[in-house]
$ cat model_25.txt   # compact mmCIF, C-alpha atoms (C1' of nucleotides)
# COMPACT_ATOMS: atom_id res chain seq x y z
CA MET A 51 0.00 0.00 0.00
CA ILE A 52 2.73 2.39 0.95
CA GLU A 53 4.76 1.01 -1.91
CA ALA A 54 1.85 1.50 -4.27
CA MET A 55 1.78 5.10 -3.08
CA ASP A 56 5.47 5.51 -3.76
CA LYS A 57 4.95 4.07 -7.15
CA LEU A 58 2.17 6.47 -7.94
CA GLU A 59 4.19 9.44 -6.84
CA ASN A 60 7.16 8.19 -8.75
CA SER A 61 4.96 7.94 -11.77
CA ILE A 62 3.85 11.51 -11.35
CA TRP A 63 7.21 13.16 -11.43
CA ALA A 64 8.44 10.76 -14.06
CA HIS A 65 5.34 10.96 -16.22
CA CYS A 66 4.42 14.62 -16.02
CA SER A 67 4.99 16.33 -19.35
CA SER A 68 4.79 19.76 -17.84
CA SER A 69 7.43 19.21 -15.20
CA SER A 70 9.66 17.41 -17.69
CA VAL A 71 9.57 20.41 -19.96
CA ARG A 72 10.21 22.74 -17.05
CA ARG A 73 13.20 20.83 -15.78
CA ALA A 74 14.73 20.76 -19.24
CA SER A 75 13.93 24.44 -19.56
CA ARG A 76 15.88 25.23 -16.39
CA GLN A 77 18.86 23.20 -17.54
CA LEU A 78 18.92 24.80 -20.98
CA GLY A 79 18.29 28.21 -19.50
CA GLN A 80 21.51 27.83 -17.54
CA LEU A 81 23.48 26.55 -20.50
CA TYR A 82 22.30 29.17 -22.97
CA ASP A 83 22.60 31.96 -20.42
CA ASP A 84 26.22 30.98 -19.92
CA ALA A 85 26.71 31.10 -23.67
CA MET A 86 25.73 34.77 -23.65
CA GLY A 87 29.01 35.46 -21.91
CA LEU A 88 29.70 38.96 -20.69
CA SER A 89 26.97 40.50 -22.79
CA ASP A 90 24.72 41.31 -19.81
CA LEU A 91 21.89 39.65 -21.68
CA ARG A 92 20.06 36.45 -20.77
CA GLY A 93 19.27 33.77 -23.28
CA THR A 94 15.62 34.73 -23.00
CA GLN A 95 16.46 38.31 -23.84
CA PHE A 96 18.49 37.33 -26.88
CA SER A 97 15.61 35.17 -27.97
CA LEU A 98 13.22 38.06 -27.56
CA LEU A 99 15.46 40.50 -29.45
CA THR A 100 15.71 37.98 -32.26
CA GLN A 101 11.97 37.50 -32.44
CA ILE A 102 11.41 41.25 -32.40
CA SER A 103 13.85 41.63 -35.25
CA TYR A 104 12.24 38.81 -37.17
CA LEU A 105 8.71 40.14 -36.84
CA GLN A 106 9.62 43.62 -38.01
CA GLU A 107 7.57 46.13 -36.02
CA ALA A 108 4.99 43.78 -34.58
CA THR A 109 2.61 45.11 -31.99
CA GLN A 110 3.04 43.88 -28.44
CA LYS A 111 -0.01 41.73 -28.94
CA GLU A 112 1.44 40.06 -32.02
CA LEU A 113 4.80 39.59 -30.37
CA ALA A 114 3.22 38.09 -27.27
CA LYS A 115 1.32 35.64 -29.43
CA ALA A 116 4.44 34.63 -31.32
CA MET A 117 6.25 34.10 -28.04
CA VAL A 118 3.31 32.16 -26.57
CA MET A 119 3.40 34.64 -23.75
CA ASP A 120 0.85 36.65 -21.83
CA LEU A 121 0.64 40.23 -23.09
CA SER A 122 1.32 41.76 -19.71
CA ALA A 123 4.19 39.35 -19.12
CA LEU A 124 5.69 40.51 -22.37
CA GLY A 125 5.30 44.12 -21.31
CA HIS A 126 7.16 43.45 -18.09
CA THR A 127 9.86 41.49 -19.88
CA LEU A 128 10.42 44.31 -22.34
CA LYS A 129 11.01 46.87 -19.62
CA PRO A 130 14.66 46.19 -18.88
CA LEU A 131 15.37 46.08 -22.62
CA ILE A 132 13.66 49.43 -23.12
CA ARG A 133 15.45 50.87 -20.11
CA ASP A 134 18.76 49.75 -21.62
CA GLU A 135 17.73 51.24 -24.96
CA LEU A 136 17.91 48.04 -26.93
CA VAL A 137 14.21 48.14 -27.73
CA GLU A 138 11.72 50.94 -28.28
CA LEU A 139 7.95 51.18 -28.54
CA VAL A 140 6.40 53.28 -31.27
CA PRO A 141 2.71 54.10 -31.33
CA ASP A 142 0.92 52.72 -34.34
CA GLU A 143 -0.29 55.33 -36.81
CA LYS A 144 -3.62 53.73 -37.56
CA ASP A 145 -4.56 52.30 -34.21
CA ARG A 146 -3.51 54.55 -31.41
CA ARG A 147 -4.02 51.84 -28.81
CA ALA A 148 -1.30 49.68 -30.33
CA LYS A 149 2.42 50.08 -29.85
CA ARG A 150 4.89 48.52 -32.21
CA VAL A 151 8.04 46.97 -30.86
CA ARG A 152 11.36 47.46 -32.59
CA LEU A 153 15.04 47.23 -31.96
CA THR A 154 17.14 50.35 -31.63
CA ALA A 155 20.45 50.52 -33.46
CA ALA A 156 22.10 49.35 -30.24
CA GLY A 157 19.61 46.52 -30.03
CA ARG A 158 20.34 45.38 -33.57
CA ALA A 159 24.06 45.49 -32.89
CA LYS A 160 23.73 43.54 -29.66
CA GLN A 161 21.54 40.94 -31.25
CA ALA A 162 23.95 40.53 -34.16
CA ASP A 163 26.90 40.24 -31.81
CA LEU A 164 25.29 37.44 -29.89
CA VAL A 165 24.33 35.31 -32.84
CA LYS A 166 27.67 33.52 -32.72
CA ASN A 167 27.27 32.87 -29.01
CA TRP A 168 23.90 31.34 -29.66
CA GLN A 169 25.28 29.29 -32.53
CA GLU A 170 27.95 27.83 -30.32
CA ALA A 171 25.42 26.83 -27.66
CA GLN A 172 23.16 25.34 -30.29
CA ARG A 173 26.09 23.52 -31.91
CA ARG A 174 26.96 21.92 -28.60
CA PHE A 175 23.36 21.00 -28.00
CA GLU A 176 23.12 19.24 -31.33
CA THR A 177 26.46 17.55 -30.81
CA VAL A 178 25.10 16.00 -27.64
CA LEU A 179 21.55 15.18 -28.67
CA GLY A 180 22.15 14.61 -32.37
CA ALA A 181 20.91 16.76 -35.22
CA GLU A 182 18.05 14.47 -36.07
CA LYS A 183 16.72 14.13 -32.56
CA SER A 184 17.13 17.87 -32.06
CA ALA A 185 15.05 18.65 -35.09
CA GLU A 186 12.41 16.15 -34.06
CA LEU A 187 12.32 17.61 -30.55
CA ARG A 188 11.83 21.14 -31.87
CA ARG A 189 9.00 19.96 -34.10
CA THR A 190 7.28 18.32 -31.16
CA LEU A 191 7.76 21.34 -28.91
CA ALA A 192 6.56 23.71 -31.61
CA PHE A 193 3.40 21.65 -31.87
CA ILE A 194 2.91 21.73 -28.11
CA ALA A 195 3.31 25.51 -28.16
CA SER A 196 0.83 25.90 -31.02
CA GLU A 197 -2.76 27.02 -30.89
CA ASP A 198 -3.74 23.77 -32.54
CA PHE A 199 -2.37 21.94 -29.57
CA ALA A 200 -4.22 24.16 -27.10
CA LYS A 201 -7.44 23.64 -29.00
CA ALA A 202 -7.01 19.88 -29.20
CA TYR A 203 -6.18 19.82 -25.49
CA ALA A 204 -9.35 21.74 -24.70
CA ALA A 205 -11.36 19.44 -26.95
CA ALA A 206 -9.94 16.39 -25.19
CA GLY A 207 -11.51 17.73 -22.01
CA GLN A 208 -14.99 17.88 -23.47
CA LYS A 209 -15.52 14.21 -24.04
CA GLY A 210 -12.81 12.62 -21.95
CA GLY A 211 -12.74 14.25 -18.54
CA MET B 198 21.24 40.30 -48.41
CA ILE B 199 18.34 41.53 -46.39
CA GLU B 200 16.55 38.32 -47.23
CA ALA B 201 19.54 36.30 -46.13
CA MET B 202 19.36 38.18 -42.86
CA ASP B 203 15.70 37.38 -42.47
CA LYS B 204 16.45 33.79 -43.17
CA LEU B 205 19.14 33.67 -40.53
CA GLU B 206 16.92 35.23 -37.96
CA ASN B 207 14.13 32.91 -38.90
CA SER B 208 16.50 30.05 -38.43
CA ILE B 209 17.37 31.28 -34.98
CA TRP B 210 13.96 31.35 -33.50
CA ALA B 211 12.96 28.22 -35.34
CA HIS B 212 16.13 26.30 -34.53
CA CYS B 213 16.80 27.32 -30.96
CA SER B 214 16.31 24.39 -28.62
CA SER B 215 16.22 26.59 -25.58
CA SER B 216 13.49 28.89 -26.79
CA SER B 217 11.50 25.95 -28.15
CA VAL B 218 11.52 24.38 -24.72
CA ARG B 219 10.59 27.67 -23.10
CA ARG B 220 7.67 28.32 -25.38
CA ALA B 221 6.32 24.84 -24.78
CA SER B 222 6.91 25.34 -21.09
CA ARG B 223 4.76 28.47 -21.08
CA GLN B 224 1.97 26.74 -22.96
CA LEU B 225 1.99 23.69 -20.68
CA GLY B 226 2.34 25.91 -17.63
CA GLN B 227 -0.94 27.55 -18.56
CA LEU B 228 -2.69 24.28 -19.28
CA TYR B 229 -1.54 22.47 -16.16
CA ASP B 230 -2.14 25.52 -13.98
CA ASP B 231 -5.72 25.59 -15.22
CA ALA B 232 -6.03 21.93 -14.35
CA MET B 233 -5.27 22.76 -10.72
CA GLY B 234 -8.68 24.39 -10.57
CA LEU B 235 -9.64 26.26 -7.44
CA SER B 236 -6.90 24.71 -5.35
CA ASP B 237 -4.87 27.92 -5.10
CA LEU B 238 -1.84 25.94 -6.20
CA ARG B 239 0.12 26.28 -9.42
CA GLY B 240 1.20 23.31 -11.46
CA THR B 241 4.78 24.01 -10.41
CA GLN B 242 3.77 23.87 -6.77
CA PHE B 243 1.95 20.58 -7.18
CA SER B 244 5.01 19.25 -8.93
CA LEU B 245 7.20 20.41 -6.08
CA LEU B 246 4.93 18.92 -3.40
CA THR B 247 4.97 15.64 -5.30
CA GLN B 248 8.74 15.61 -5.54
CA ILE B 249 9.07 16.46 -1.85
CA SER B 250 6.76 13.61 -1.00
CA TYR B 251 8.64 11.24 -3.28
CA LEU B 252 12.07 12.08 -1.87
CA GLN B 253 11.02 11.61 1.74
CA GLU B 254 12.81 14.22 3.85
CA ALA B 255 15.46 15.29 1.36
CA THR B 256 17.61 18.26 2.25
CA GLN B 257 17.04 21.43 0.26
CA LYS B 258 20.25 20.69 -1.57
CA GLU B 259 19.08 17.25 -2.62
CA LEU B 260 15.66 18.51 -3.58
CA ALA B 261 17.16 21.32 -5.65
CA LYS B 262 19.31 18.84 -7.47
CA ALA B 263 16.38 16.57 -8.20
CA MET B 264 14.42 19.55 -9.50
CA VAL B 265 17.40 20.75 -11.58
CA MET B 266 17.01 24.03 -9.76
CA ASP B 267 19.32 26.49 -8.09
CA LEU B 268 19.41 26.05 -4.32
CA SER B 269 18.42 29.63 -3.59
CA ALA B 270 15.67 29.48 -6.20
CA LEU B 271 14.28 26.45 -4.44
CA GLY B 272 14.40 28.29 -1.14
CA HIS B 273 12.41 31.17 -2.60
CA THR B 274 9.93 28.80 -4.22
CA LEU B 275 9.35 26.99 -0.96
CA LYS B 276 8.47 30.14 0.92
CA PRO B 277 4.81 30.48 -0.07
CA LEU B 278 4.32 26.76 0.58
CA ILE B 279 5.85 27.09 4.04
CA ARG B 280 3.82 30.21 4.72
CA ASP B 281 0.67 28.28 3.79
CA GLU B 282 1.79 25.42 6.00
CA LEU B 283 1.90 22.80 3.29
CA VAL B 284 5.62 22.27 3.75
CA GLU B 285 7.98 22.49 6.69
CA LEU B 286 11.73 22.54 7.16
CA VAL B 287 13.30 20.41 9.87
CA PRO B 288 16.94 20.78 10.84
CA ASP B 289 18.98 17.70 10.22
CA GLU B 290 20.18 15.92 13.35
CA LYS B 291 23.65 15.12 12.11
CA ASP B 292 24.49 18.16 10.05
CA ARG B 293 23.12 21.29 11.59
CA ARG B 294 23.61 23.27 8.41
CA ALA B 295 21.15 21.12 6.52
CA LYS B 296 17.38 21.40 6.63
CA ARG B 297 15.14 18.62 5.50
CA VAL B 298 12.01 19.39 3.56
CA ARG B 299 8.78 17.58 4.25
CA LEU B 300 5.08 17.93 3.72
CA THR B 301 2.78 18.76 6.59
CA ALA B 302 -0.43 16.79 6.99
CA ALA B 303 -2.18 19.57 5.08
CA GLY B 304 0.45 19.36 2.38
CA ARG B 305 -0.02 15.63 2.00
CA ALA B 306 -3.77 16.06 1.79
CA LYS B 307 -3.50 18.84 -0.78
CA GLN B 308 -1.08 16.87 -2.90
CA ALA B 309 -3.29 13.80 -2.80
CA ASP B 310 -6.35 15.85 -3.71
CA LEU B 311 -4.68 17.24 -6.77
CA VAL B 312 -3.44 13.97 -8.18
CA LYS B 313 -6.65 13.51 -10.11
CA ASN B 314 -6.43 17.03 -11.51
CA TRP B 315 -2.95 16.29 -12.71
CA GLN B 316 -4.05 12.97 -14.16
CA GLU B 317 -6.74 14.68 -16.19
CA ALA B 318 -4.29 17.21 -17.61
CA GLN B 319 -1.83 14.48 -18.40
CA ARG B 320 -4.55 12.35 -19.98
CA ARG B 321 -5.48 15.18 -22.27
CA PHE B 322 -1.88 15.81 -23.13
CA GLU B 323 -1.37 12.21 -24.13
CA THR B 324 -4.62 12.17 -26.04
CA VAL B 325 -3.33 15.02 -28.16
CA LEU B 326 0.31 14.06 -28.58
CA GLY B 327 -0.08 10.29 -28.38
CA ALA B 328 1.16 8.03 -25.61
CA GLU B 329 4.19 6.88 -27.55
CA LYS B 330 5.38 10.33 -28.55
CA SER B 331 4.70 11.57 -25.03
CA ALA B 332 6.88 8.89 -23.53
CA GLU B 333 9.62 9.54 -26.05
CA LEU B 334 9.45 13.28 -25.36
CA ARG B 335 9.79 12.74 -21.63
CA ARG B 336 12.78 10.50 -22.16
CA THR B 337 14.46 13.12 -24.30
CA LEU B 338 13.69 15.91 -21.85
CA ALA B 339 14.89 13.83 -18.90
CA PHE B 340 18.18 13.34 -20.70
CA ILE B 341 18.47 17.07 -21.39
CA ALA B 342 17.84 17.77 -17.72
CA SER B 343 20.43 15.22 -16.61
CA GLU B 344 23.96 15.79 -15.37
CA ASP B 345 25.21 13.57 -18.14
CA PHE B 346 23.80 16.00 -20.63
CA ALA B 347 25.39 18.99 -18.91
CA LYS B 348 28.73 17.21 -18.86
CA ALA B 349 28.54 16.22 -22.49
CA TYR B 350 27.54 19.77 -23.39
CA ALA B 351 30.54 21.12 -21.52
CA ALA B 352 32.79 18.58 -23.19
CA ALA B 353 31.47 19.60 -26.62
CA GLY B 354 32.80 23.05 -25.89
CA GLN B 355 36.34 21.83 -25.30
CA LYS B 356 37.11 20.53 -28.73
CA GLY B 357 34.43 22.06 -30.88
CA GLY B 358 34.05 25.73 -29.98
C1' DC C 248 43.65 21.56 17.94
C1' DA C 249 43.50 25.94 15.26
C1' DA C 250 43.46 27.98 10.72
C1' DA C 251 41.93 27.39 6.00
C1' DT C 252 38.52 25.71 3.12
C1' DA C 253 34.22 23.73 1.71
C1' DT C 254 29.25 23.11 2.26
C1' DA C 255 24.14 24.32 3.25
C1' DG C 256 21.12 27.85 3.62
C1' DT C 257 19.41 32.85 3.79
C1' DG C 258 18.47 37.41 2.02
C1' DG C 259 18.77 40.94 -1.46
C1' DC C 260 18.24 42.07 -6.08
C1' DA C 261 17.00 41.21 -10.96
C1' DT C 262 14.57 39.04 -14.61
C1' DA C 263 10.54 35.81 -16.18
C1' DT C 264 5.85 35.18 -16.22
C1' DA C 265 0.87 35.14 -14.94
C1' DC C 266 -3.63 37.19 -13.33
C1' DC C 267 -6.50 41.03 -12.41
C1' DA C 268 -8.13 45.64 -12.50
C1' DG C 269 -7.92 49.67 -14.68
C1' DT C 270 -7.52 53.22 -18.98
C1' DA C 271 -7.87 54.59 -23.51
C1' DA C 272 -9.01 53.95 -28.04
C1' DA C 273 -11.57 51.43 -31.65
C1' DT C 274 -15.66 48.91 -33.15
C1' DT C 275 -20.39 47.49 -32.91
C1' DC C 276 -25.25 48.28 -32.24
C1' DC C 277 -29.20 50.54 -31.82
C1' DG D 227 -24.16 59.52 -33.74
C1' DG D 228 -23.92 58.00 -29.06
C1' DA D 229 -23.98 53.99 -25.82
C1' DA D 230 -22.22 49.37 -25.17
C1' DT D 231 -18.64 46.33 -26.07
C1' DT D 232 -14.20 44.84 -27.45
C1' DT D 233 -9.37 45.54 -27.90
C1' DA D 234 -4.45 46.94 -26.65
C1' DC D 235 -1.84 48.17 -23.21
C1' DT D 236 -0.33 49.51 -18.20
C1' DG D 237 0.44 48.78 -13.34
C1' DG D 238 0.03 46.09 -9.20
C1' DT D 239 0.78 41.80 -7.00
C1' DA D 240 2.37 37.06 -6.74
C1' DT D 241 5.07 33.12 -7.95
C1' DA D 242 9.40 31.23 -10.55
C1' DT D 243 14.11 31.35 -10.93
C1' DG D 244 19.02 32.82 -10.96
C1' DC D 245 23.31 35.28 -9.08
C1' DC D 246 25.92 37.14 -5.45
C1' DA D 247 27.22 38.13 -0.77
C1' DC D 248 26.88 36.62 3.79
C1' DT D 249 26.36 33.39 7.92
C1' DA D 250 26.74 29.20 10.23
C1' DT D 251 28.43 24.85 10.36
C1' DA D 252 31.29 21.07 8.85
C1' DT D 253 35.66 19.20 7.01
C1' DT D 254 40.41 19.35 5.86
C1' DT D 255 45.19 20.59 6.83
C1' DG D 256 49.31 21.83 8.97

$ encode --input "model_25.txt" --output "structure tokens"
Amino acid sequence: MIEAMDKLENSIWAHCSSSSVRRASRQLGQLYDDAMGLSDLRGTQFSLLTQISYLQEATQKELAKAMVMDLSALGHTLKPLIRDELVELVPDEKDRRAKRVRLTAAGRAKQADLVKNWQEAQRRFETVLGAEKSAELRRTLAFIASEDFAKAYAAAGQKGG
Amino acid sequence: MIEAMDKLENSIWAHCSSSSVRRASRQLGQLYDDAMGLSDLRGTQFSLLTQISYLQEATQKELAKAMVMDLSALGHTLKPLIRDELVELVPDEKDRRAKRVRLTAAGRAKQADLVKNWQEAQRRFETVLGAEKSAELRRTLAFIASEDFAKAYAAAGQKGG
DNA sequence: CAAATATAGTGGCATATACCAGTAAATTCC
DNA sequence: GGAATTTACTGGTATATGCCACTATATTTG
């Protein structure tokens, strides 16, 4: 009985997708943060700068959606970057509620500088896990982060639960 | 040239293992938090209670290691749970620096109550991703979170970088 | 055994991230 | 066109998580 209990609890930590992802996220957070070296930026911040650059003047709303992040969380996360003048917000011409997010010249430079740091971290990652498994993992995680996944998850609650 | 740039940046956000894991982590965080219902606990807290229960009086150090978490981060994370009297710290008899972490009766009850909530979330997850892919994903993530992975990653920096 | 060093935790500070309650601007509906 | 509603963002509060500096307690060394 007590052993059955242990087994159940063991199965929880071992079988929980959410905590598995979180643990891995902490480990990789450390590793990729280290890769950023003396830049004063975190891996998350580099990632955000890169996404901002990629989306080319997205609104906060659009950026939050792309990052699979709460809008207010994004706002908070942008603050240190704005304070350090790597990012700026420009009011949209058409819709005066919206603010578009873009990199400053300093932000572009910083992002560009760090690309090689990121590449090195990513190279090591793929060396260890293997290019094929890495690609497969990213595909799976991208699906999990997608709206399709969230919808299917919600739908699975209708009938199943 | 500008297109090449776009392509590179696209490749960064699409090919970054760390940000893929983080995005998925945010999505699953939302979903599993929702599953906790009116319990006033987050998914992360349930996960932590479960790990505490599983490890049976581990020291903070041991618990942090199992969670792949910084010791001080664990300390901070435990605070609300201690405040709410779900968890308590007991000084170790032998080593008076160490404090062992255990659930209170209320903590055990809360954890037990939430098992079914977790099971429902996990059931939905596996419905959507498939049991086989889910298991494979957890295996991969467990490896990424392991010390072996961190060591291999460090070693890949010696020769490669 | 006393000094030097290592280990376990704590507290402060900073970022990461979410929810909720506003505020302001746009859109929809009589 | 003006009221009701929706949308985009802001600010407050709370947890999540990491680094660094510091304290207290072991452990190691000479």

$ residues_around --input "model_25.txt" --residues "Ser269 (chain B)" --least-positions-apart "5" --cutoff "10 Å" --atoms "all atoms listed in the file" --output "CSV table (one decimal) with C-alpha atoms (C1' of nucleotides), in the frame of the given file"
chain,number,residue,atom,x,y,z
B,257,GLN,CA,17.0,21.4,0.3
B,258,LYS,CA,20.2,20.7,-1.6
B,261,ALA,CA,17.2,21.3,-5.6
B,274,THR,CA,9.9,28.8,-4.2
B,275,LEU,CA,9.4,27.0,-1.0
C,256,DG,C1',21.1,27.8,3.6
C,257,DT,C1',19.4,32.8,3.8
C,258,DG,C1',18.5,37.4,2.0
D,243,DT,C1',14.1,31.4,-10.9
D,244,DG,C1',19.0,32.8,-11.0
D,245,DC,C1',23.3,35.3,-9.1

$ closest_residue --input "model_25.txt" --among "C:DC267, C:DC260, C:DA255, C:DA250" --to "chain B" --atoms "all atoms listed in the file"
C:DA255

$ closest_residue --input "model_25.txt" --among "C:DT254, C:DT262, C:DG269, C:DT275" --to "chain B" --atoms "only C-alpha atoms (C1' of nucleotides)"
C:DT254

$ interface_residues --input "model_25.txt" --of "chain C" --to "chain A" --cutoff "12 Å" --atoms "only C-alpha atoms (C1' of nucleotides)" --output "ChimeraX atom specification"
/C:261-267,270-274

$ closest_residue --input "model_25.txt" --among "D:DT253, D:DG237, D:DC248, D:DG228" --to "chain A" --atoms "all atoms listed in the file"
D:DG237

$ atom_distance --input "model_25.txt" --atom1 "CA of Leu246 (chain B)" --atom2 "CA of Val118 (chain A)"
26.7 Å

$ interface_residues --input "model_25.txt" --of "chain D" --to "chain B" --cutoff "9 Å" --atoms "all atoms listed in the file" --output "list in words"
DT241, DA242, DT243, DG244, DA250, DT251 and DA252 of chain D

$ closest_residue --input "model_25.txt" --among "B:Met233, B:Met264, B:Ala255, B:Leu311" --to "chain A" --atoms "all atoms listed in the file"
B:Met264

$ interface_residues --input "model_25.txt" --of "chain A" --to "chain B" --cutoff "7 Å" --atoms "all atoms listed in the file" --output "VMD selection string"
chain A and resid 56 59 to 60 63 66 to 79 97 100 to 101 104 117 to 119 170 172 174 to 175 177 to 178 188 191 to 192 194 to 195 202 to 203 206 to 207 211

$ atom_distance --input "model_25.txt" --atom1 "CA of Glu290 (chain B)" --atom2 "CA of Thr256 (chain B)"
11.6 Å

$ atom_distance --input "model_25.txt" --atom1 "CA of Gly234 (chain B)" --atom2 "C1' of DA234 (chain D)"
28.0 Å
